[in-house]
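What's in work-v1.tsv: TSV, C-alpha atoms
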chain	number	residue	atom	x	y	z
A	1	MET	CA	115.32	121.68	79.93
A	2	SER	CA	113.68	124.36	77.78
A	3	ALA	CA	112.04	124.67	74.38
A	4	LEU	CA	113.67	122.72	71.57
A	5	ASN	CA	113.08	124.96	68.55
A	6	VAL	CA	111.77	128.20	70.06
A	7	SER	CA	114.41	130.82	70.81
A	8	ALA	CA	115.14	131.81	74.40
A	9	GLU	CA	114.10	135.35	73.49
A	10	ASP	CA	110.67	134.17	72.30
A	11	VAL	CA	110.24	131.93	75.36
A	12	LYS	CA	110.84	134.97	77.55
A	13	ARG	CA	108.54	137.13	75.44
A	14	VAL	CA	105.54	134.82	75.64
A	15	LYS	CA	106.15	134.19	79.34
A	16	GLY	CA	105.40	137.86	79.83
A	17	MET	CA	102.07	137.20	78.11
A	18	GLY	CA	101.24	134.33	80.51
A	19	PHE	CA	102.57	131.36	78.51
A	20	LEU	CA	105.08	129.16	80.33
A	21	ASN	CA	107.17	126.65	78.45
A	22	ASN	CA	106.56	122.94	79.00
A	23	LYS	CA	110.16	121.91	79.68
A	24	GLY	CA	111.79	119.93	76.91
A	25	THR	CA	109.06	120.76	74.37
A	26	ASP	CA	107.92	123.58	72.12
A	27	ASN	CA	104.53	123.63	73.89
A	28	PHE	CA	103.33	126.11	76.48
A	29	ASN	CA	100.90	126.39	79.40
A	30	GLY	CA	98.51	129.29	78.79
A	31	ARG	CA	97.70	130.96	82.11
A	32	ILE	CA	94.19	132.44	82.22
A	33	ILE	CA	93.29	135.09	84.82
A	34	THR	CA	90.08	134.52	86.82
A	35	ILE	CA	90.04	137.99	88.50
A	36	ASN	CA	88.82	136.70	91.90
A	37	GLY	CA	88.70	132.93	91.55
A	38	LYS	CA	85.33	132.89	89.80
A	39	ILE	CA	84.41	132.29	86.17
A	40	THR	CA	81.04	131.87	84.46
A	41	ALA	CA	79.66	128.64	83.02
A	42	ALA	CA	80.13	130.10	79.52
A	43	GLN	CA	83.76	130.87	80.30
A	44	GLN	CA	84.26	127.31	81.58
A	45	ARG	CA	82.89	125.93	78.32
A	46	CYS	CA	85.14	128.25	76.32
A	47	ILE	CA	88.23	127.15	78.26
A	48	ALA	CA	87.33	123.47	77.80
A	49	GLU	CA	86.87	123.98	74.08
A	50	ALA	CA	90.17	125.89	73.84
A	51	ALA	CA	91.95	123.10	75.72
A	52	GLU	CA	90.75	120.57	73.17
A	53	LYS	CA	91.29	122.82	70.16
A	54	PHE	CA	94.74	124.21	70.99
A	55	GLY	CA	96.11	122.20	73.91
A	56	CYS	CA	96.24	118.62	75.11
A	57	GLY	CA	92.63	118.56	76.29
A	58	GLU	CA	93.47	119.13	79.95
A	59	VAL	CA	92.92	122.07	82.31
A	60	ALA	CA	94.98	122.74	85.45
A	61	PHE	CA	94.42	125.08	88.39
A	62	THR	CA	97.20	127.08	90.01
A	63	THR	CA	97.64	128.01	93.66
A	64	ARG	CA	96.93	131.66	92.73
A	65	MET	CA	93.41	130.86	91.42
A	66	THR	CA	94.39	131.08	87.78
A	67	ILE	CA	93.69	128.41	85.16
A	68	GLU	CA	96.30	126.85	82.89
A	69	VAL	CA	95.73	125.12	79.58
A	70	PRO	CA	98.81	122.96	78.89
A	71	GLY	CA	100.17	121.73	75.59
A	72	ILE	CA	99.67	124.83	73.43
A	73	PRO	CA	102.14	124.94	70.49
A	74	TYR	CA	104.12	128.17	70.17
A	75	GLU	CA	102.57	128.99	66.81
A	76	LYS	CA	99.02	128.65	68.23
A	77	ILE	CA	99.47	131.10	71.13
A	78	GLU	CA	97.94	134.14	69.41
A	79	GLU	CA	95.03	132.08	68.08
A	80	PHE	CA	94.40	130.70	71.58
A	81	GLN	CA	94.27	134.22	73.03
A	82	LYS	CA	91.75	135.34	70.41
A	83	TYR	CA	89.58	132.30	71.05
A	84	ILE	CA	89.23	132.80	74.83
A	85	ALA	CA	88.80	136.56	74.36
A	86	LYS	CA	85.31	135.79	73.00
A	87	GLU	CA	84.25	135.24	76.64
A	88	GLY	CA	86.27	138.13	78.07
A	89	LEU	CA	89.18	135.95	79.19
A	90	VAL	CA	92.81	137.03	79.08
A	91	THR	CA	96.18	135.45	79.84
A	92	GLY	CA	98.90	136.86	82.07
A	93	GLY	CA	99.90	136.65	85.73
A	94	THR	CA	103.68	136.38	85.37
A	95	GLY	CA	106.70	138.61	85.90
A	96	ALA	CA	107.99	141.06	88.49
A	97	LYS	CA	104.64	142.76	88.76
A	98	VAL	CA	101.43	142.71	90.77
A	99	ARG	CA	100.25	139.11	90.51
A	100	PRO	CA	96.65	137.78	90.25
A	101	ILE	CA	94.59	138.39	93.39
A	102	VAL	CA	93.62	135.47	95.61
A	103	ALA	CA	90.36	135.57	97.59
A	104	CYS	CA	88.52	133.22	99.90
A	105	LYS	CA	84.75	132.69	99.63
A	106	GLY	CA	84.03	135.15	102.41
A	107	THR	CA	81.18	136.58	100.35
A	108	THR	CA	79.12	133.41	100.87
A	109	CYS	CA	80.87	131.87	103.90
A	110	GLN	CA	79.05	131.90	107.25
A	111	TYR	CA	82.12	133.47	108.87
A	112	GLY	CA	82.77	136.09	106.18
A	113	LEU	CA	83.07	139.68	107.43
A	114	LEU	CA	83.49	141.31	104.03
A	115	ASP	CA	82.50	140.74	100.41
A	116	SER	CA	85.76	139.06	99.43
A	117	PHE	CA	84.80	138.44	95.78
A	118	ALA	CA	83.82	142.07	95.22
A	119	LEU	CA	86.86	143.42	97.05
A	120	ALA	CA	89.22	141.12	95.12
A	121	LYS	CA	87.64	142.27	91.85
A	122	GLU	CA	88.14	145.90	92.83
A	123	ILE	CA	91.78	145.22	93.76
A	124	HIS	CA	92.26	143.33	90.50
A	125	GLU	CA	90.96	146.23	88.40
A	126	ARG	CA	92.82	148.91	90.32
A	127	PHE	CA	96.16	147.21	90.91
A	128	TYR	CA	96.53	144.13	88.70
A	129	GLU	CA	95.17	145.84	85.60
A	130	GLY	CA	95.99	149.40	86.63
A	131	TYR	CA	99.62	148.59	87.43
A	132	ARG	CA	100.13	145.91	84.76
A	133	GLN	CA	102.80	147.93	82.96
A	134	VAL	CA	104.69	148.78	86.16
A	135	VAL	CA	107.78	146.61	86.63
A	136	LEU	CA	108.63	146.02	90.30
A	137	PRO	CA	111.79	144.68	91.97
A	138	HIS	CA	110.06	141.28	92.25
A	139	LYS	CA	106.61	139.68	92.16
A	140	PHE	CA	103.97	141.27	94.40
A	141	LYS	CA	101.19	139.05	95.74
A	142	ILE	CA	97.90	140.16	97.29
A	143	ALA	CA	95.35	138.02	99.15
A	144	VAL	CA	91.89	138.84	100.52
A	145	GLY	CA	90.59	136.88	103.51
A	146	GLY	CA	87.02	137.26	104.68
A	147	CYS	CA	87.75	136.57	108.35
A	148	PRO	CA	90.53	135.63	110.79
A	149	ASN	CA	90.28	131.95	109.79
A	150	ASN	CA	92.94	132.93	107.23
A	151	CYS	CA	91.92	130.32	104.65
A	152	VAL	CA	93.93	132.00	101.86
A	153	LYS	CA	96.85	132.77	104.19
A	154	PRO	CA	96.90	136.57	103.80
A	155	ASP	CA	99.88	136.77	106.17
A	156	LEU	CA	102.01	134.85	103.66
A	157	ASN	CA	101.46	137.42	100.89
A	158	ASP	CA	103.21	140.71	100.24
A	159	ILE	CA	99.91	142.34	101.19
A	160	GLY	CA	97.07	140.55	102.94
A	161	ILE	CA	93.67	141.98	103.87
A	162	ILE	CA	91.51	140.27	106.50
A	163	GLY	CA	87.91	141.15	107.35
A	164	GLN	CA	87.33	142.28	110.93
A	165	ARG	CA	84.41	142.98	113.24
A	166	ILE	CA	85.35	144.94	116.32
A	167	PRO	CA	82.91	144.23	119.17
A	168	ASP	CA	81.14	147.23	120.68
A	169	PHE	CA	81.09	146.17	124.34
A	170	ASP	CA	78.58	148.00	126.54
A	171	LYS	CA	79.94	147.52	130.05
A	172	GLU	CA	76.75	148.93	131.64
A	173	SER	CA	74.65	146.16	130.10
A	174	CYS	CA	76.92	143.36	131.34
A	175	LYS	CA	75.40	141.35	134.23
A	176	GLY	CA	78.56	139.38	134.96
A	177	CYS	CA	76.76	136.07	134.47
A	178	LYS	CA	78.47	133.04	135.96
A	179	LYS	CA	77.77	131.23	132.70
A	180	CYS	CA	78.56	134.01	130.23
A	181	ALA	CA	77.41	133.29	126.68
A	182	ILE	CA	80.17	135.47	125.26
A	183	GLU	CA	82.89	133.73	127.26
A	184	LYS	CA	81.50	130.30	126.39
A	185	ASN	CA	81.35	130.97	122.65
A	186	CYS	CA	84.59	132.91	122.15
A	187	PRO	CA	86.63	130.55	119.92
A	188	ILE	CA	90.01	131.88	121.05
A	189	LYS	CA	89.15	132.53	124.71
A	190	ALA	CA	89.75	136.28	124.56
A	191	ALA	CA	86.61	137.00	126.61
A	192	LYS	CA	86.33	136.18	130.29
A	193	VAL	CA	84.22	137.36	133.22
A	194	VAL	CA	86.53	138.85	135.88
A	195	ASP	CA	85.27	140.37	139.13
A	196	GLY	CA	81.68	140.33	137.93
A	197	VAL	CA	82.21	141.98	134.54
A	198	LEU	CA	83.21	140.75	131.10
A	199	LYS	CA	86.76	141.52	130.00
A	200	ILE	CA	87.98	141.23	126.39
A	201	ASP	CA	91.73	140.82	126.05
A	202	GLU	CA	92.63	143.02	123.07
A	203	GLU	CA	96.01	141.31	122.80
A	204	VAL	CA	94.22	138.01	122.15
A	205	CYS	CA	91.01	139.08	120.38
A	206	ASN	CA	91.23	138.57	116.61
A	207	HIS	CA	87.96	140.43	115.88
A	208	CYS	CA	86.17	137.44	114.40
A	209	GLY	CA	82.83	138.99	115.41
A	210	ARG	CA	81.29	135.78	116.75
A	211	CYS	CA	80.56	137.45	120.07
A	212	VAL	CA	78.24	140.04	118.49
A	213	LYS	CA	74.56	139.47	119.42
A	214	ASN	CA	75.49	136.49	121.60
A	215	CYS	CA	74.65	138.17	124.91
A	216	PRO	CA	70.98	137.96	126.01
A	217	PHE	CA	71.40	141.33	127.75
A	218	ASP	CA	72.86	143.05	124.65
A	219	ALA	CA	76.27	143.69	126.17
A	220	ILE	CA	77.65	143.23	122.65
A	221	LYS	CA	74.83	143.88	120.23
A	222	ASP	CA	76.92	145.38	117.44
A	223	GLY	CA	80.43	145.66	116.05
A	224	ALA	CA	82.23	147.83	113.52
A	225	TYR	CA	83.39	146.17	110.31
A	226	GLY	CA	86.96	146.80	109.25
A	227	TYR	CA	90.12	145.64	107.51
A	228	LYS	CA	93.31	144.30	109.08
A	229	ILE	CA	96.34	144.56	106.80
A	230	TYR	CA	99.43	142.35	106.79
A	231	ILE	CA	102.58	143.41	104.95
A	232	GLY	CA	105.73	141.55	103.99
A	233	GLY	CA	104.60	137.95	103.97
A	234	ARG	CA	106.03	135.39	101.56
A	235	TRP	CA	106.02	131.66	100.89
A	236	GLY	CA	108.57	129.66	98.92
A	237	LYS	CA	112.31	129.07	99.17
A	238	LYS	CA	112.36	131.66	101.93
A	239	VAL	CA	109.41	132.06	104.28
A	240	ALA	CA	108.42	135.26	106.07
A	241	LYS	CA	105.25	135.82	108.05
A	242	GLY	CA	103.70	139.21	107.39
A	243	ARG	CA	103.28	141.71	110.18
A	244	THR	CA	100.10	143.64	110.83
A	245	LEU	CA	99.87	147.38	110.63
A	246	SER	CA	98.98	148.87	113.99
A	247	LYS	CA	95.76	150.39	112.67
A	248	ILE	CA	92.56	148.54	111.77
A	249	PHE	CA	91.00	150.40	108.85
A	250	LEU	CA	87.27	151.07	109.02
A	251	ASP	CA	87.14	152.73	105.60
A	252	LYS	CA	87.58	150.57	102.48
A	253	GLU	CA	89.13	153.34	100.40
A	254	GLU	CA	91.72	153.98	103.08
A	255	ALA	CA	92.59	150.27	103.09
A	256	LEU	CA	92.91	150.23	99.29
A	257	ASN	CA	95.16	153.28	99.45
A	258	VAL	CA	97.50	151.33	101.73
A	259	ILE	CA	97.86	148.70	99.00
A	260	GLU	CA	98.78	151.40	96.50
A	261	LYS	CA	101.24	152.97	98.91
A	262	ALA	CA	102.87	149.56	99.48
A	263	ILE	CA	103.27	149.01	95.73
A	264	LEU	CA	104.73	152.50	95.26
A	265	PHE	CA	107.02	152.04	98.26
A	266	PHE	CA	108.28	148.73	96.87
A	267	LYS	CA	108.83	150.31	93.45
A	268	GLU	CA	110.76	153.21	94.98
A	269	GLN	CA	112.72	151.51	97.77
A	270	GLY	CA	113.03	147.85	96.73
A	271	LYS	CA	116.18	146.47	95.13
A	272	ALA	CA	116.07	144.29	92.01
A	273	GLY	CA	115.41	140.65	92.93
A	274	GLU	CA	114.29	141.58	96.45
A	275	ARG	CA	110.86	140.65	97.81
A	276	LEU	CA	108.92	143.17	99.90
A	277	SER	CA	109.71	141.21	103.07
A	278	GLU	CA	113.42	141.77	102.45
A	279	THR	CA	112.88	145.47	101.74
A	280	ILE	CA	111.01	145.79	105.05
A	281	GLU	CA	113.75	143.91	106.90
A	282	ARG	CA	116.42	146.16	105.39
A	283	ILE	CA	114.60	149.46	106.05
A	284	GLY	CA	112.82	148.53	109.28
A	285	PHE	CA	109.15	147.73	109.88
A	286	GLU	CA	108.49	150.90	111.88
A	287	ASN	CA	109.85	153.08	109.09
A	288	VAL	CA	107.80	151.26	106.47
A	289	GLU	CA	104.63	151.44	108.56
A	290	LYS	CA	105.13	155.17	109.05
A	291	GLU	CA	105.32	155.59	105.27
A	292	LEU	CA	102.21	153.48	104.65
A	293	LEU	CA	100.14	155.33	107.25
A	294	SER	CA	100.94	158.72	105.75
A	295	ASP	CA	100.00	160.06	102.33
A	296	ALA	CA	103.42	161.45	101.43
A	297	ILE	CA	104.23	158.65	98.99
A	298	LEU	CA	101.00	159.22	97.04
A	299	LYS	CA	102.20	162.76	96.33
A	300	ARG	CA	105.33	161.22	94.72
A	301	LYS	CA	103.33	158.74	92.63
A	302	GLY	CA	103.98	160.42	89.30
A	303	GLU	CA	107.69	160.71	90.05
A	304	ILE	CA	107.95	157.07	91.19
A	305	LEU	CA	106.13	155.69	88.15
A	306	ALA	CA	107.85	157.98	85.63
What do you get writing this file as structure tokens?
Amino acid sequence: MSALNVSAEDVKRVKGMGFLNNKGTDNFNGRIITINGKITAAQQRCIAEAAEKFGCGEVAFTTRMTIEVPGIPYEKIEEFQKYIAKEGLVTGGTGAKVRPIVACKGTTCQYGLLDSFALAKEIHERFYEGYRQVVLPHKFKIAVGGCPNNCVKPDLNDIGIIGQRIPDFDKESCKGCKKCAIEKNCPIKAAKVVDGVLKIDEEVCNHCGRCVKNCPFDAIKDGAYGYKIYIGGRWGKKVAKGRTLSKIFLDKEEALNVIEKAILFFKEQGKAGERLSETIERIGFENVEKELLSDAILKRKGEILA
């Protein structure tokens, strides 16, 4: 069921603005973007007032960390947008485009290995806002996870970034303790003393960083911070688990460039109605990874976006 008195053309038009039709009515849900899952107290008050003034007095939260105000009549949509704009709020988040960014609370979480709120904001400004006019073959979802706990499921997004801390193991400082503090505290059992020296299984280690500064003899007293990137994940009618690029990025700008390359690659190589996971499956992961680890596609940016 769709709107009763609003034309299909107008329903489609306002959907592109972030207003989704309440089925069987002429009312709409106004979707407000939160940037990184955070809003100020003043913005909360503004949304509550707008919900009472233009909607049904309720506020709903989406799985993508956006906020919806239901029950807005079609003729009140523009007025609603102007009202929330007083606090710097905008609607959107729909269509075959880069979707709102999802982030965990890695900034304040005890396990966080990166400033997830700040990184999500940067990604929002550069790719949600910066690529807002770029139509893609399908929706493109990005998630930022502060650590390998994967609370926001980065591996089920088209692009997922996970904070990393790669332990700097000093073999000379290892005493091969029978009761090794590193081995005891490794949550995934990647560390184990073998033949009198600590071994870290790189195939198992997820770089959570909990081993750093755990050894009384400073065998692991530091670790490099970095970014692991998943590509090609999706959740919905069809499920695909993203695969990690072979490289862990130690430079933030290099990691952000990979996101841009993935968007450009999808724009150039994806077929209409196809998610990135299907594009990767069709072209081959190794070929896609090769493209994302080179800068060739950035040189074609103007041509791709033209």
Please tell me which residues are no farther than 12 Å from (92.9, 145.4, 91.3) in the file, counting all atoms listed in the file, and write them as an mmCIF file with C-alpha atoms, in the coordinates of the input.
data_model
loop_
_atom_site.group_PDB
_atom_site.id
_atom_site.type_symbol
_atom_site.label_atom_id
_atom_site.label_comp_id
_atom_site.auth_asym_id
_atom_site.auth_seq_id
_atom_site.Cartn_x
_atom_site.Cartn_y
_atom_site.Cartn_z
ATOM 1 C CA ILE A 35 90.040 137.990 88.500
ATOM 2 C CA ASN A 36 88.820 136.700 91.900
ATOM 3 C CA VAL A 98 101.430 142.710 90.770
ATOM 4 C CA ARG A 99 100.250 139.110 90.510
ATOM 5 C CA PRO A 100 96.650 137.780 90.250
ATOM 6 C CA ILE A 101 94.590 138.390 93.390
ATOM 7 C CA VAL A 102 93.620 135.470 95.610
ATOM 8 C CA ALA A 103 90.360 135.570 97.590
ATOM 9 C CA PHE A 117 84.800 138.440 95.780
ATOM 10 C CA ALA A 118 83.820 142.070 95.220
ATOM 11 C CA LEU A 119 86.860 143.420 97.050
ATOM 12 C CA ALA A 120 89.220 141.120 95.120
ATOM 13 C CA LYS A 121 87.640 142.270 91.850
ATOM 14 C CA GLU A 122 88.140 145.900 92.830
ATOM 15 C CA ILE A 123 91.780 145.220 93.760
ATOM 16 C CA HIS A 124 92.260 143.330 90.500
ATOM 17 C CA GLU A 125 90.960 146.230 88.400
ATOM 18 C CA ARG A 126 92.820 148.910 90.320
ATOM 19 C CA PHE A 127 96.160 147.210 90.910
ATOM 20 C CA TYR A 128 96.530 144.130 88.700
ATOM 21 C CA GLU A 129 95.170 145.840 85.600
ATOM 22 C CA GLY A 130 95.990 149.400 86.630
ATOM 23 C CA TYR A 131 99.620 148.590 87.430
ATOM 24 C CA ARG A 132 100.130 145.910 84.760
ATOM 25 C CA LYS A 141 101.190 139.050 95.740
ATOM 26 C CA ILE A 142 97.900 140.160 97.290
ATOM 27 C CA ALA A 143 95.350 138.020 99.150
ATOM 28 C CA VAL A 144 91.890 138.840 100.520
ATOM 29 C CA LEU A 256 92.910 150.230 99.290
ATOM 30 C CA ASN A 257 95.160 153.280 99.450
ATOM 31 C CA ILE A 259 97.860 148.700 99.000
ATOM 32 C CA GLU A 260 98.780 151.400 96.500
ATOM 33 C CA ILE A 263 103.270 149.010 95.730
#
Give as JSON, numbers by chain each residue that has an atom at most 6 Å from (94.6, 139.3, 103.4) in the file, counting all atoms listed in the file.
-> {"A": [143, 144, 145, 154, 160, 161, 162]}
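From CA of Ile248 (chain A) back to CA of Asn149 (chain A), the distance works out to 16.9 Å.
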Minimum-distance residue to Ile84 (chain A), chosen among A:Lys237, A:Lys23, A:Arg45, A:Lys105 (using all atoms listed in the file) | A:Arg45
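Of the listed residues (A:Arg243, A:Ala41, A:Asn185, A:Cys104), A:Ala41 comes nearest to Glu87 (chain A); the distances count only C-alpha atoms.
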Please complete region 172-196 of chain A so it has N, CA and C atoms, and hand it over as an mmCIF file, keeping the file's coordinate frame.
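Listed below is the output, result-v3.cif:
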data_model
loop_
_atom_site.group_PDB
_atom_site.id
_atom_site.type_symbol
_atom_site.label_atom_id
_atom_site.label_comp_id
_atom_site.auth_asym_id
_atom_site.auth_seq_id
_atom_site.Cartn_x
_atom_site.Cartn_y
_atom_site.Cartn_z
ATOM 1 N N GLU A 172 77.906 148.688 130.769
ATOM 2 C CA GLU A 172 76.750 148.930 131.640
ATOM 3 C C GLU A 172 75.691 147.835 131.486
ATOM 4 N N SER A 173 75.653 147.200 130.331
ATOM 5 C CA SER A 173 74.650 146.160 130.100
ATOM 6 C C SER A 173 75.094 144.785 130.587
ATOM 7 N N CYS A 174 76.374 144.646 130.904
ATOM 8 C CA CYS A 174 76.920 143.360 131.340
ATOM 9 C C CYS A 174 76.430 143.031 132.753
ATOM 10 N N LYS A 175 75.907 141.808 132.922
ATOM 11 C CA LYS A 175 75.400 141.350 134.230
ATOM 12 C C LYS A 175 76.407 140.475 134.961
ATOM 13 N N GLY A 176 77.543 140.211 134.313
ATOM 14 C CA GLY A 176 78.560 139.380 134.960
ATOM 15 C C GLY A 176 78.088 137.961 135.222
ATOM 16 N N CYS A 177 77.330 137.417 134.305
ATOM 17 C CA CYS A 177 76.760 136.070 134.470
ATOM 18 C C CYS A 177 77.848 135.033 134.745
ATOM 19 N N LYS A 178 77.523 134.108 135.667
ATOM 20 C CA LYS A 178 78.470 133.040 135.960
ATOM 21 C C LYS A 178 78.698 132.150 134.746
ATOM 22 N N LYS A 179 77.645 131.955 133.955
ATOM 23 C CA LYS A 179 77.770 131.230 132.700
ATOM 24 C C LYS A 179 77.561 132.225 131.564
ATOM 25 N N CYS A 180 78.626 132.931 131.236
ATOM 26 C CA CYS A 180 78.560 134.010 130.230
ATOM 27 C C CYS A 180 78.533 133.409 128.825
ATOM 28 N N ALA A 181 77.538 133.804 128.042
ATOM 29 C CA ALA A 181 77.410 133.290 126.680
ATOM 30 C C ALA A 181 78.563 133.753 125.801
ATOM 31 N N ILE A 182 79.050 134.957 126.049
ATOM 32 C CA ILE A 182 80.170 135.470 125.260
ATOM 33 C C ILE A 182 81.428 134.667 125.564
ATOM 34 N N GLU A 183 81.704 134.485 126.856
ATOM 35 C CA GLU A 183 82.890 133.730 127.260
ATOM 36 C C GLU A 183 82.835 132.295 126.728
ATOM 37 N N LYS A 184 81.660 131.691 126.820
ATOM 38 C CA LYS A 184 81.500 130.300 126.390
ATOM 39 C C LYS A 184 81.732 130.132 124.891
ATOM 40 N N ASN A 185 81.304 131.113 124.100
ATOM 41 C CA ASN A 185 81.350 130.970 122.650
ATOM 42 C C ASN A 185 82.552 131.625 121.976
ATOM 43 N N CYS A 186 83.399 132.293 122.742
ATOM 44 C CA CYS A 186 84.590 132.910 122.150
ATOM 45 C C CYS A 186 85.549 131.808 121.701
ATOM 46 N N PRO A 187 85.818 131.671 120.402
ATOM 47 C CA PRO A 187 86.630 130.550 119.920
ATOM 48 C C PRO A 187 88.099 130.607 120.322
ATOM 49 N N ILE A 188 88.596 131.800 120.672
ATOM 50 C CA ILE A 188 90.010 131.880 121.050
ATOM 51 C C ILE A 188 90.201 132.307 122.505
ATOM 52 N N LYS A 189 89.095 132.270 123.263
ATOM 53 C CA LYS A 189 89.150 132.530 124.710
ATOM 54 C C LYS A 189 89.711 133.911 125.050
ATOM 55 N N ALA A 190 89.324 134.905 124.268
ATOM 56 C CA ALA A 190 89.750 136.280 124.560
ATOM 57 C C ALA A 190 88.813 136.957 125.548
ATOM 58 N N ALA A 191 87.612 136.411 125.719
ATOM 59 C CA ALA A 191 86.610 137.000 126.610
ATOM 60 C C ALA A 191 86.488 136.185 127.887
ATOM 61 N N LYS A 192 86.430 136.869 129.005
ATOM 62 C CA LYS A 192 86.330 136.180 130.290
ATOM 63 C C LYS A 192 85.716 137.121 131.325
ATOM 64 N N VAL A 193 84.818 136.573 132.144
ATOM 65 C CA VAL A 193 84.220 137.360 133.220
ATOM 66 C C VAL A 193 85.206 137.415 134.386
ATOM 67 N N VAL A 194 85.586 138.638 134.775
ATOM 68 C CA VAL A 194 86.530 138.850 135.880
ATOM 69 C C VAL A 194 85.925 139.868 136.839
ATOM 70 N N ASP A 195 85.818 139.477 138.110
ATOM 71 C CA ASP A 195 85.270 140.370 139.130
ATOM 72 C C ASP A 195 83.884 140.895 138.752
ATOM 73 N N GLY A 196 83.072 140.003 138.207
ATOM 74 C CA GLY A 196 81.680 140.330 137.930
ATOM 75 C C GLY A 196 81.423 141.142 136.677
#
